[in-house]
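Notes follow the structure.
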4 protein chains.
Amino acid sequence: MSTSATGPVPEPPATMRASVLTGAGAISVQERPVPQVRPDEVLVQVAAVGVCGSDVHYYREGRIGDFVVDGPLILGHEVSGRIVAVGADVDAARIGERVAIEPQRPCRVCSQCKAGRYNLCPHMEFYATPPVDGAFCEYVTIQADFAHPVPDTVSDEAAALLEPLSVGIWASRKARIVPGSRVLIAGAGPIGVITAQAAKAFGAAEIIVTDPVAERRRLVERFGATHTLDPREDDVRDLAVDAFIDASGATPAVISGIESVRGGGVVVLVGMGADEIAVPIPIIQNRELSLTGVFRYTDTWPTAAHLVASGQVDLDSLVTGRFSLEEAEDALNADRTPGSLKAMVMPA
Amino acid sequence: MSTSATGPVPEPPATMRASVLTGAGAISVQERPVPQVRPDEVLVQVAAVGVCGSDVHYYREGRIGDFVVDGPLILGHEVSGRIVAVGADVDAARIGERVAIEPQRPCRVCSQCKAGRYNLCPHMEFYATPPVDGAFCEYVTIQADFAHPVPDTVSDEAAALLEPLSVGIWASRKARIVPGSRVLIAGAGPIGVITAQAAKAFGAAEIIVTDPVAERRRLVERFGATHTLDPREDDVRDLAVDAFIDASGATPAVISGIESVRGGGVVVLVGMGADEIAVPIPIIQNRELSLTGVFRYTDTWPTAAHLVASGQVDLDSLVTGRFSLEEAEDALNADRTPGSLKAMVMPA
Amino acid sequence: MSTSATGPVPEPPATMRASVLTGAGAISVQERPVPQVRPDEVLVQVAAVGVCGSDVHYYREGRIGDFVVDGPLILGHEVSGRIVAVGADVDAARIGERVAIEPQRPCRVCSQCKAGRYNLCPHMEFYATPPVDGAFCEYVTIQADFAHPVPDTVSDEAAALLEPLSVGIWASRKARIVPGSRVLIAGAGPIGVITAQAAKAFGAAEIIVTDPVAERRRLVERFGATHTLDPREDDVRDLAVDAFIDASGATPAVISGIESVRGGGVVVLVGMGADEIAVPIPIIQNRELSLTGVFRYTDTWPTAAHLVASGQVDLDSLVTGRFSLEEAEDALNADRTPGSLKAMVMPA
Amino acid sequence: MSTSATGPVPEPPATMRASVLTGAGAISVQERPVPQVRPDEVLVQVAAVGVCGSDVHYYREGRIGDFVVDGPLILGHEVSGRIVAVGADVDAARIGERVAIEPQRPCRVCSQCKAGRYNLCPHMEFYATPPVDGAFCEYVTIQADFAHPVPDTVSDEAAALLEPLSVGIWASRKARIVPGSRVLIAGAGPIGVITAQAAKAFGAAEIIVTDPVAERRRLVERFGATHTLDPREDDVRDLAVDAFIDASGATPAVISGIESVRGGGVVVLVGMGADEIAVPIPIIQNRELSLTGVFRYTDTWPTAAHLVASGQVDLDSLVTGRFSLEEAEDALNADRTPGSLKAMVMPA
């Protein structure tokens with residue numbers, strides 16, 4: 001048994017419980033070996049795991065685009081916990097540390113990695129993406145530098161939700177939000193609400209959020225939005241915002257959002273939706289808009305932890321349900337409950 | 001009469017001949033007053049004017065998108081000539097200077113202008129764009145700083161064609177081409193051929209050009225292309241190029257071009273085509289591509305003049321026909337002659 | 001007499017009072033003609049003018065570097081007021097508008113202006129820089145787009161101080177401060193205090209400010225600083241900050257500041273001090289630091305107004321003295337009073 | 001024995017000859033074990049090694065700044081050769097490949113590495129930098145991704161000199177050289193000559209090189225310079241270049257070079273010289289110059305290989321002497337021979 005500032009750390013057991021997706025719509029709790037720690041890794045006892053829309057998609061459809069679940073898969077990639085063991089090359093003083101996990105394993109050798117775009121590494125192993133397991137289980141391993149320390153003032157749930165906050169930070173960076181920016185965000189689901197908070201932390205002066213659901217519009221007004229609009233009634237095309245971030249995946253929202261951006265502005269597509277969208281090319285050209293998307297993130301956890309610890313971003317208030325490992329299927333279906341925003345699985 | 005290094009400069013007359021578009025498909029030569037020079041302007045005796053696809057479009061269709069010809073319009077915006085008079089605030093020593101005209105009149109006051117994006121000025125007056133006249137005539141005015149000096153080693157035709165070269169330079173900048181880049185260009189028409197040369201001058205190591213016409217592929221291999229492909233037979237999707245520049249306006253070329261770009265790469269849409277294109281959004285997202293367009297250019301003439309004067313770009317060889325003002329309609333229809341690439345109107 | 005939302009606007013008189021620097025150390029109030037409004041300008045009745053260190057320098061020394069006062073000069077370039085007349089090309093509806101003045105007159109035609117770097121325009125006419133008069137007087141003119149509207153929630157004094165806030169914003173941009181940044185600022189005078197606030201608004205997580213005066217350290221801790229240090233006792237060289245901003249002009253502070261920056265970080269020199277500083281070149285090289293300075297600003301007023309209106313930056317609390325035009329000399333000498341931070345001249 | 005396209009590859013022996021620096025000014029040839037190949041490495045039989053000024057400095061002075069030679073050290077970091085063995089994780093098909101070595105071993109885990117700045121990795125192991133051995137020997141190991149393939153049209157000597165060319169490319173990138181740029185380079189030694197060629201390949205329109213030695217000025221005029229100046233006679237301060245690159249390390253050249261740059265331009269310090277230089281700070285500030293240095297490079301080898309293979313850069317002509325391993329000391333002293341530019345050690 002090791003000890004740490006936060007108390008004694010028990011030796012990890014040989015096996016653990018894991019909630020496993022065994023086929024589309026089929027989840028079962030299984031006993032699995034606790035993963036072996038490689039020399040550059042740490043073993044983390046999982047405290048909290050957020051349920052992401054992609055988890056739900058794999059659960060219900062068995063695939064996301066080209067990523068197909070063709071064997072048992074552990075879902076969950078929004079993860080916090082506590083280091084309980086370290087590999088041979090890692091400082092043992094880290095045992096006991098509370099951490100938020102950046103769920104990426106890039107190769108670090110390819111040209112994308114060496115250029116600083118490790119999120120685009122073609123050899124990436126990402127949690128809960130077939131065939132790589134995620135964190136709906138008691139223990140996970142991660143390379144030591146992707147286990148980011150979190151201060152004690154950040155809860156386990158908030159620490160897990162640094163992952164979706166990273167998406168919001170990355171989108172805000174891609175959208176080049178700076179103090180004074182005017183930004184339009186489509187969609188007030190979890191990512192929209194978190195991105196609105198991130199945009200505010202980046203200094204945006206106006207944050208206009210559209211969502212057809214009145215309850216969601218009211219919610220996001222408490223979390224960063226300076227105005228909200230109902231896309232079925234309000235026209236955004238004359239806003240001339242500096243940046244548009246789509247967090248809806250809805251084709252009409254993407255198209256009207258593009259039309260809302262001033263010359264030289266930016267469009268960032270975060271939401272997953274149709275495989276093709278009929279984009280108004282002359283608007284892209286005549287305004288020289290820059291349209292891009294986000295795929296995960298690089299170097300966001302320290303910033304995310306700061307934004308939460310300093311109170312600029314509130315993640316705890318987004319949690320609308322907590323579930324045990326045995327209730328993981330309920331957590332995956334929580335989005336069917338009106339008012340649900342973010343379900344958490346708490347394996348401990 | 002003034003004098004200059006290149007000989008005496010005659011006083012401009014009171015009227016001039018102009019080739020005027022009076023309706024879709026209708027061109028006539030008219031006598032017009034020589035334009036008055038404002039204090040910050042120069043008067044240029046036109047030497048050569050290139051025919052651009054947009055001129056042809058206005059001539060045949062009477063409109064381009066929202067820009068509608070609803071009165072008499074002088075076409076032509078690829079212009080060279082000689083300064084024959086200057087406004088009160090301009091150095092009279094410039095009289096006699098050979099110049100290439102950057103055919104823009106931005107407001108210089110709006111936030112786009114002050115941010116260095118004067119091409120996106122909402123108050124822009126651009127040659128040959130309704131209701132602003134162009135240069136199929138004997139004399140034009142332009143603000144002095146947009147009359148760029150050209151060395152004597154650059155011909156009148158090449159000086160005029162610094163305008164389309166500016167498009168190629170601007171596209172190459174937007175495409176972030178640097179020494180060693182791999183770039184795909186769709187379309188081997190005038191803009192494709194010029195952009196291939198620009199990309200080479202920017203240091204691209206591989207310049208792959210697609211065009212369905214064999215003769216155009218052969219041509220572009222003499223002007224910058226390192227490889228050519230027939231888009232009907234060859235698949236570009238595995239190229240993993242750093243940048244794709246569309247100079248075709250063809251929807252299938254745009255879509256396959258997007259699919260040809262590596263993670264973190266750039267797509268630049270230059271060609272005008274469909275009002276909407278069904279873009280594969282997950283590819284934009286998963287590769288974090290940056291898709292943009294070009295709308296004219298800023299600060300390209302000095303670079304363009306250097307590339308031609310140094311022999312890195314050959315514009316003279318692209319000229320396939322020369323026409324008088326009276327033959328302007330033939331010049332506008334020259335694209336119907338096989339092998340025609342660039343027709344020039346020579347008003348003098 | 002015109003009227004506006006904020007009440008009737010009196011016609012401007014023919015003459016006005018002005019506080020004029022007539023030689024080093026010599027200030028006198030004179031009657032001067034109210035300046036004529038050119039077509040693109042507005043006439044502003046001055047409400048408040050901040051005293052800047054450069055004003056004091058001209059007053060005491062008669063020069064700053066190559067800028068020499070060799071004739072009567074009106075000082076003051078931190079200016080707010082109310083539009084009382086407009087030129088022929090300006091919307092008359094602006095009469096009555098409360099504005100903060102960006103005290104620049106760039107040429108808008110040179111390559112610097114057209115590239116968006118109008119602050120570097122070689123033809124710049126800048127308020128209170130010989131031979132261009134400033135604003136220690138009742139009325140001034142400025143081009144309409146440089147008279148920035150301010151909301152009623154921003155006081156006259158704060159509106160004037162958007163000018164030094166612009167310096168802090170510009171320095172923060174140059175220092176590439178983003179959410180989570182760690183920044184060292186040397187000097188807790190007016191610019192240091194304002195820059196600390198700007199850096200906080202840009203999202204800096206750590207803002208370490210050094211000043212040898214304990215009272216100033218206590219002050220800046222109320223205005224953005226997360227830590228303060230006494231440079232005579234504390235060593236900054238191991239901080240490894242992302243950016244160092246010098247607001248002291250002190251040679252030792254500049255040198256130790258450079259040594260405090262991590263590899264790939266930024267050094268921004270704002271304070272004016274020695275003409276030469278012995279810079280540790282191998283540190284610049286081995287860490288690939290980027291060292292630069294600020295010279296005024298571009299496009300900062302809208303952001304500055306937002307930061308004050310939203311309460312993120314507090315300028316009113318920095319004002320430690322208000323003086324009439326007749327007391328301008330006292331205002332210029334206010335820095336000799338302990339605890340003085342920012343003196344304002346209120347001409348009305 | 002393996003075979004490859006270029007002939008059979010002999011098994012590496014157990015020991016090899018190495019030219020070892022055993023103290024300041026003392027070199028001896030020793031028998032050393034051939035280094036063991038780690039799983040991610042290749043073993044390279046050394047073909048050619050360039051002598052760099054830093055090698056000479058270590059040889060003569062025993063130190064460079066804080067880097068002190070306090071044990072036997074093998075010099076040489078400009079290296080080409082042929083892969084003769086590979087580690088367990090490397091494709092065996094690479095055996096026989098001709099390669100140029102990027103002599104860096106970054107940690108790939110720290111924040112600098114993950115941000116794409118692996119040259120600034122604080123855990124870097126760099127060839128021929130105490131206590132890491134270099135390549136004046138028969139065999140070296142390097143991680144596989146830093147053994148860059150070279151085409152057969154590039155000689156062994158040129159392949160080795162892709163290292164100093166990488167410095168010139170990196171300096172050109174830092175100097176933001178683009179087609180049409182005007183650049184001043186101080187110093188026409190090996191780095192100056194190579195940087196002039198790199199700048200030309202990046203499209204610089206004017207490349208002005210200063211050197212007090214007439215012979216060197218004549219040389220560099222054959223290698224990229226468009227003009228040359230004698231710094232003892234010619235004043236560079238009015239050039240208003242876009243960028244200044246110092247490849248001299250001479251304090252007066254650095255100072256006058258800074259003064260030669262236009263507003264908003266760049267200063268890149270490559271040459272090693274004084275530990276401190278008295279920099280004219282007001283010029284940095286008033287022109288908002290950006291001053292930086294280069295420390296090695298990232299991602300330059302593919303570009304360097306392209307520039308040589310395409311004939312844009314000529315490295316072979318720079319070689320003025322070839323020496324065996326036993327003559328390594330002569331190679332290190334070759335700079336004392338008039339007209340010497342680049343000495344090569346050929347261990348095979």
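Chain labels follow the order of the structure tokens: the first chain is A, the next B, and so on; residue numbering restarts at 1 in every chain, and ligands are counted from 1 in their shown order.
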Requested in this report: Excluding B:Lys342 and any residue of its chain fewer than 2 positions from it, enumerate the residues within 12 Å of it, using only C-alpha atoms, and give them as number ranges by chain.
Outcome: B: 49-53, 56, 78, 157-158, 160-161, 164, 189-191, 193-194, 315-323, 331-340, 344-345
Query raised in the report: Counting only C-alpha atoms, which residues of chain B come no farther than 7 Å from chain C, as a PyMOL selection string?
Result: chain B and resi 108-109+114-116+145
Using DSSP on the backbone coordinates, identify all residues within stretch 29-186 of chain C classified as strand (DSSP E); present the result as a PDB file with N, CA and C atoms, in the first residue's frame.
ATOM      1  N   VAL C  29      -2.233  79.396 -20.895  1.00  0.00           N
ATOM      2  CA  VAL C  29      -3.548  79.274 -21.517  1.00  0.00           C
ATOM      3  C   VAL C  29      -3.692  80.383 -22.562  1.00  0.00           C
ATOM      4  N   GLN C  30      -4.070  79.988 -23.756  1.00  0.00           N
ATOM      5  CA  GLN C  30      -4.200  80.937 -24.861  1.00  0.00           C
ATOM      6  C   GLN C  30      -5.580  80.811 -25.494  1.00  0.00           C
ATOM      7  N   GLU C  31      -5.992  81.880 -26.154  1.00  0.00           N
ATOM      8  CA  GLU C  31      -7.211  81.825 -26.964  1.00  0.00           C
ATOM      9  C   GLU C  31      -6.808  81.406 -28.367  1.00  0.00           C
ATOM     10  N   ARG C  32      -7.470  80.393 -28.871  1.00  0.00           N
ATOM     11  CA  ARG C  32      -7.111  79.840 -30.180  1.00  0.00           C
ATOM     12  C   ARG C  32      -8.379  79.705 -31.030  1.00  0.00           C
ATOM     13  N   PRO C  33      -8.249  79.720 -32.341  1.00  0.00           N
ATOM     14  CA  PRO C  33      -9.432  79.431 -33.163  1.00  0.00           C
ATOM     15  C   PRO C  33      -9.881  77.992 -32.940  1.00  0.00           C
ATOM     16  N   GLU C  41     -14.284  64.614 -41.121  1.00  0.00           N
ATOM     17  CA  GLU C  41     -13.986  64.758 -39.699  1.00  0.00           C
ATOM     18  C   GLU C  41     -15.229  65.098 -38.877  1.00  0.00           C
ATOM     19  N   VAL C  42     -15.053  64.986 -37.558  1.00  0.00           N
ATOM     20  CA  VAL C  42     -16.036  65.506 -36.608  1.00  0.00           C
ATOM     21  C   VAL C  42     -15.318  66.501 -35.693  1.00  0.00           C
ATOM     22  N   LEU C  43     -16.106  67.423 -35.153  1.00  0.00           N
ATOM     23  CA  LEU C  43     -15.587  68.356 -34.143  1.00  0.00           C
ATOM     24  C   LEU C  43     -16.092  67.865 -32.787  1.00  0.00           C
ATOM     25  N   VAL C  44     -15.164  67.698 -31.865  1.00  0.00           N
ATOM     26  CA  VAL C  44     -15.493  67.137 -30.561  1.00  0.00           C
ATOM     27  C   VAL C  44     -15.235  68.179 -29.481  1.00  0.00           C
ATOM     28  N   GLN C  45     -16.253  68.412 -28.644  1.00  0.00           N
ATOM     29  CA  GLN C  45     -16.057  69.247 -27.464  1.00  0.00           C
ATOM     30  C   GLN C  45     -15.435  68.359 -26.396  1.00  0.00           C
ATOM     31  N   VAL C  46     -14.252  68.726 -25.957  1.00  0.00           N
ATOM     32  CA  VAL C  46     -13.466  67.843 -25.098  1.00  0.00           C
ATOM     33  C   VAL C  46     -14.064  67.800 -23.695  1.00  0.00           C
ATOM     34  N   ALA C  47     -14.240  66.589 -23.170  1.00  0.00           N
ATOM     35  CA  ALA C  47     -14.762  66.411 -21.815  1.00  0.00           C
ATOM     36  C   ALA C  47     -13.650  66.090 -20.827  1.00  0.00           C
ATOM     37  N   ALA C  48     -12.767  65.187 -21.190  1.00  0.00           N
ATOM     38  CA  ALA C  48     -11.713  64.753 -20.271  1.00  0.00           C
ATOM     39  C   ALA C  48     -10.484  64.360 -21.067  1.00  0.00           C
ATOM     40  N   VAL C  49      -9.322  64.681 -20.492  1.00  0.00           N
ATOM     41  CA  VAL C  49      -8.047  64.323 -21.125  1.00  0.00           C
ATOM     42  C   VAL C  49      -7.126  63.784 -20.037  1.00  0.00           C
ATOM     43  N   GLY C  50      -6.626  62.571 -20.241  1.00  0.00           N
ATOM     44  CA  GLY C  50      -5.680  62.003 -19.298  1.00  0.00           C
ATOM     45  C   GLY C  50      -4.287  62.554 -19.539  1.00  0.00           C
ATOM     46  N   ARG C  63      11.404  67.237 -25.553  1.00  0.00           N
ATOM     47  CA  ARG C  63      11.608  66.258 -26.630  1.00  0.00           C
ATOM     48  C   ARG C  63      11.432  64.844 -26.108  1.00  0.00           C
ATOM     49  N   ILE C  64      11.156  63.936 -27.017  1.00  0.00           N
ATOM     50  CA  ILE C  64      11.231  62.503 -26.740  1.00  0.00           C
ATOM     51  C   ILE C  64      11.973  61.908 -27.910  1.00  0.00           C
ATOM     52  N   PHE C  67      11.700  63.197 -31.535  1.00  0.00           N
ATOM     53  CA  PHE C  67      10.571  64.119 -31.611  1.00  0.00           C
ATOM     54  C   PHE C  67      10.864  65.340 -30.745  1.00  0.00           C
ATOM     55  N   VAL C  68      11.060  66.498 -31.377  1.00  0.00           N
ATOM     56  CA  VAL C  68      11.479  67.696 -30.664  1.00  0.00           C
ATOM     57  C   VAL C  68      10.383  68.753 -30.752  1.00  0.00           C
ATOM     58  N   LEU C  73       2.937  73.930 -28.668  1.00  0.00           N
ATOM     59  CA  LEU C  73       2.319  72.619 -28.849  1.00  0.00           C
ATOM     60  C   LEU C  73       1.258  72.414 -27.774  1.00  0.00           C
ATOM     61  N   ILE C  74       0.089  71.973 -28.200  1.00  0.00           N
ATOM     62  CA  ILE C  74      -0.952  71.569 -27.254  1.00  0.00           C
ATOM     63  C   ILE C  74      -0.765  70.094 -26.940  1.00  0.00           C
ATOM     64  N   GLU C  78      -5.167  61.517 -24.597  1.00  0.00           N
ATOM     65  CA  GLU C  78      -6.132  60.550 -24.046  1.00  0.00           C
ATOM     66  C   GLU C  78      -7.438  61.320 -23.869  1.00  0.00           C
ATOM     67  N   VAL C  79      -8.352  61.190 -24.805  1.00  0.00           N
ATOM     68  CA  VAL C  79      -9.399  62.186 -24.952  1.00  0.00           C
ATOM     69  C   VAL C  79     -10.796  61.584 -25.094  1.00  0.00           C
ATOM     70  N   SER C  80     -11.740  62.173 -24.377  1.00  0.00           N
ATOM     71  CA  SER C  80     -13.151  61.876 -24.633  1.00  0.00           C
ATOM     72  C   SER C  80     -13.910  63.185 -24.782  1.00  0.00           C
ATOM     73  N   GLY C  81     -15.115  63.103 -25.311  1.00  0.00           N
ATOM     74  CA  GLY C  81     -15.914  64.308 -25.476  1.00  0.00           C
ATOM     75  C   GLY C  81     -17.224  63.996 -26.158  1.00  0.00           C
ATOM     76  N   ARG C  82     -17.736  65.028 -26.834  1.00  0.00           N
ATOM     77  CA  ARG C  82     -19.049  64.910 -27.453  1.00  0.00           C
ATOM     78  C   ARG C  82     -18.965  65.587 -28.809  1.00  0.00           C
ATOM     79  N   ILE C  83     -19.517  64.915 -29.824  1.00  0.00           N
ATOM     80  CA  ILE C  83     -19.492  65.475 -31.175  1.00  0.00           C
ATOM     81  C   ILE C  83     -20.439  66.670 -31.231  1.00  0.00           C
ATOM     82  N   VAL C  84     -19.924  67.814 -31.677  1.00  0.00           N
ATOM     83  CA  VAL C  84     -20.760  69.016 -31.766  1.00  0.00           C
ATOM     84  C   VAL C  84     -20.921  69.512 -33.204  1.00  0.00           C
ATOM     85  N   ALA C  85     -20.145  68.946 -34.125  1.00  0.00           N
ATOM     86  CA  ALA C  85     -20.304  69.305 -35.534  1.00  0.00           C
ATOM     87  C   ALA C  85     -19.667  68.213 -36.361  1.00  0.00           C
ATOM     88  N   VAL C  86     -20.127  68.077 -37.610  1.00  0.00           N
ATOM     89  CA  VAL C  86     -19.572  67.043 -38.480  1.00  0.00           C
ATOM     90  C   VAL C  86     -19.239  67.632 -39.834  1.00  0.00           C
ATOM     91  N   ARG C  98     -21.568  60.837 -27.597  1.00  0.00           N
ATOM     92  CA  ARG C  98     -20.387  60.802 -26.723  1.00  0.00           C
ATOM     93  C   ARG C  98     -19.349  59.864 -27.346  1.00  0.00           C
ATOM     94  N   VAL C  99     -18.111  60.337 -27.389  1.00  0.00           N
ATOM     95  CA  VAL C  99     -17.087  59.551 -28.088  1.00  0.00           C
ATOM     96  C   VAL C  99     -15.771  59.523 -27.313  1.00  0.00           C
ATOM     97  N   ALA C 100     -15.028  58.455 -27.576  1.00  0.00           N
ATOM     98  CA  ALA C 100     -13.623  58.373 -27.177  1.00  0.00           C
ATOM     99  C   ALA C 100     -12.806  58.500 -28.446  1.00  0.00           C
ATOM    100  N   ILE C 101     -11.747  59.297 -28.363  1.00  0.00           N
ATOM    101  CA  ILE C 101     -10.972  59.600 -29.571  1.00  0.00           C
ATOM    102  C   ILE C 101      -9.756  58.703 -29.671  1.00  0.00           C
ATOM    103  N   GLN C 104      -5.223  59.187 -33.826  1.00  0.00           N
ATOM    104  CA  GLN C 104      -4.346  58.925 -34.957  1.00  0.00           C
ATOM    105  C   GLN C 104      -4.960  59.471 -36.249  1.00  0.00           C
ATOM    106  N   ARG C 105      -4.078  59.921 -37.154  1.00  0.00           N
ATOM    107  CA  ARG C 105      -4.466  60.298 -38.519  1.00  0.00           C
ATOM    108  C   ARG C 105      -3.492  59.644 -39.488  1.00  0.00           C
ATOM    109  N   GLU C 125      -0.130  61.451 -38.462  1.00  0.00           N
ATOM    110  CA  GLU C 125      -0.224  62.655 -37.624  1.00  0.00           C
ATOM    111  C   GLU C 125      -0.901  62.231 -36.333  1.00  0.00           C
ATOM    112  N   PHE C 126      -0.166  62.273 -35.251  1.00  0.00           N
ATOM    113  CA  PHE C 126      -0.653  61.779 -33.961  1.00  0.00           C
ATOM    114  C   PHE C 126      -0.753  62.947 -32.993  1.00  0.00           C
ATOM    115  N   TYR C 139     -11.886  72.204 -27.934  1.00  0.00           N
ATOM    116  CA  TYR C 139     -12.420  71.518 -29.112  1.00  0.00           C
ATOM    117  C   TYR C 139     -11.282  70.887 -29.910  1.00  0.00           C
ATOM    118  N   VAL C 140     -11.531  69.713 -30.426  1.00  0.00           N
ATOM    119  CA  VAL C 140     -10.565  69.058 -31.319  1.00  0.00           C
ATOM    120  C   VAL C 140     -11.321  68.440 -32.492  1.00  0.00           C
ATOM    121  N   THR C 141     -10.593  68.213 -33.594  1.00  0.00           N
ATOM    122  CA  THR C 141     -11.166  67.477 -34.729  1.00  0.00           C
ATOM    123  C   THR C 141     -10.479  66.128 -34.847  1.00  0.00           C
ATOM    124  N   ILE C 142     -11.211  65.192 -35.405  1.00  0.00           N
ATOM    125  CA  ILE C 142     -10.666  63.853 -35.675  1.00  0.00           C
ATOM    126  C   ILE C 142     -11.485  63.252 -36.805  1.00  0.00           C
ATOM    127  N   GLN C 143     -10.864  62.398 -37.610  1.00  0.00           N
ATOM    128  CA  GLN C 143     -11.621  61.714 -38.664  1.00  0.00           C
ATOM    129  C   GLN C 143     -12.725  60.884 -38.019  1.00  0.00           C
ATOM    130  N   ALA C 147     -13.484  58.541 -34.071  1.00  0.00           N
ATOM    131  CA  ALA C 147     -14.296  59.000 -32.935  1.00  0.00           C
ATOM    132  C   ALA C 147     -15.227  57.852 -32.580  1.00  0.00           C
ATOM    133  N   HIS C 148     -14.846  57.079 -31.571  1.00  0.00           N
ATOM    134  CA  HIS C 148     -15.546  55.836 -31.263  1.00  0.00           C
ATOM    135  C   HIS C 148     -16.663  56.092 -30.251  1.00  0.00           C
ATOM    136  N   PRO C 149     -17.874  55.642 -30.549  1.00  0.00           N
ATOM    137  CA  PRO C 149     -18.973  55.848 -29.604  1.00  0.00           C
ATOM    138  C   PRO C 149     -18.731  55.096 -28.294  1.00  0.00           C
ATOM    139  N   ARG C 182       0.495  32.423 -18.620  1.00  0.00           N
ATOM    140  CA  ARG C 182       1.227  32.935 -17.464  1.00  0.00           C
ATOM    141  C   ARG C 182       2.068  34.112 -17.951  1.00  0.00           C
ATOM    142  N   VAL C 183       1.890  35.274 -17.315  1.00  0.00           N
ATOM    143  CA  VAL C 183       2.544  36.477 -17.816  1.00  0.00           C
ATOM    144  C   VAL C 183       3.216  37.233 -16.681  1.00  0.00           C
ATOM    145  N   LEU C 184       4.393  37.753 -16.991  1.00  0.00           N
ATOM    146  CA  LEU C 184       5.108  38.630 -16.067  1.00  0.00           C
ATOM    147  C   LEU C 184       5.023  40.048 -16.599  1.00  0.00           C
ATOM    148  N   ILE C 185       4.656  40.983 -15.723  1.00  0.00           N
ATOM    149  CA  ILE C 185       4.617  42.396 -16.088  1.00  0.00           C
ATOM    150  C   ILE C 185       5.558  43.144 -15.160  1.00  0.00           C
ATOM    151  N   ALA C 186       6.471  43.924 -15.734  1.00  0.00           N
ATOM    152  CA  ALA C 186       7.372  44.744 -14.916  1.00  0.00           C
ATOM    153  C   ALA C 186       6.833  46.163 -14.850  1.00  0.00           C
TER     154      ALA C 186
END
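Here atom CA of A:Ser310 and atom CA of A:Pro179 stand 17.9 Å from one another.
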Requested in this report: Identify, on the basis of only C-alpha atoms, every residue whose closest approach to B:Thr226 does not exceed 8 Å; exclude the query and any residue fewer than 2 positions from it along the same chain; express the result as a VMD selection string.
Outcome: chain B and resid 206 to 208 221 224 228
May I have the selected residues written with N, CA, C and O atoms, as a PDB file, in the first residue's frame?
ATOM      1  N   GLU B 206       5.467  19.487 -55.490  1.00  0.00           N
ATOM      2  CA  GLU B 206       4.601  18.727 -56.386  1.00  0.00           C
ATOM      3  C   GLU B 206       3.387  19.569 -56.700  1.00  0.00           C
ATOM      4  O   GLU B 206       2.732  20.084 -55.797  1.00  0.00           O
ATOM      5  N   ILE B 207       3.102  19.696 -57.984  1.00  0.00           N
ATOM      6  CA  ILE B 207       1.939  20.453 -58.453  1.00  0.00           C
ATOM      7  C   ILE B 207       1.190  19.547 -59.416  1.00  0.00           C
ATOM      8  O   ILE B 207       1.587  19.370 -60.569  1.00  0.00           O
ATOM      9  N   ILE B 208       0.130  18.955 -58.897  1.00  0.00           N
ATOM     10  CA  ILE B 208      -0.653  17.999 -59.672  1.00  0.00           C
ATOM     11  C   ILE B 208      -1.873  18.737 -60.199  1.00  0.00           C
ATOM     12  O   ILE B 208      -2.629  19.321 -59.417  1.00  0.00           O
ATOM     13  N   GLU B 221       1.597  21.329 -68.303  1.00  0.00           N
ATOM     14  CA  GLU B 221       2.882  20.682 -67.985  1.00  0.00           C
ATOM     15  C   GLU B 221       4.058  21.566 -68.392  1.00  0.00           C
ATOM     16  O   GLU B 221       5.163  21.400 -67.888  1.00  0.00           O
ATOM     17  N   GLY B 224       4.423  24.837 -65.030  1.00  0.00           N
ATOM     18  CA  GLY B 224       4.425  24.649 -63.584  1.00  0.00           C
ATOM     19  C   GLY B 224       3.996  23.289 -63.102  1.00  0.00           C
ATOM     20  O   GLY B 224       4.465  22.837 -62.055  1.00  0.00           O
ATOM     21  N   THR B 228       0.064  15.676 -64.325  1.00  0.00           N
ATOM     22  CA  THR B 228      -1.325  15.995 -64.660  1.00  0.00           C
ATOM     23  C   THR B 228      -2.142  14.717 -64.601  1.00  0.00           C
ATOM     24  O   THR B 228      -1.617  13.605 -64.774  1.00  0.00           O
TER      25      THR B 228
END
Report task. Based on DSSP run over this structure's backbone, return all residues of stretch 28-235 of chain B in alpha helix (DSSP H), as a PyMOL selection string. Result -> chain B and resi 53-61+111-114+156-160+162-174+190-201+214-221
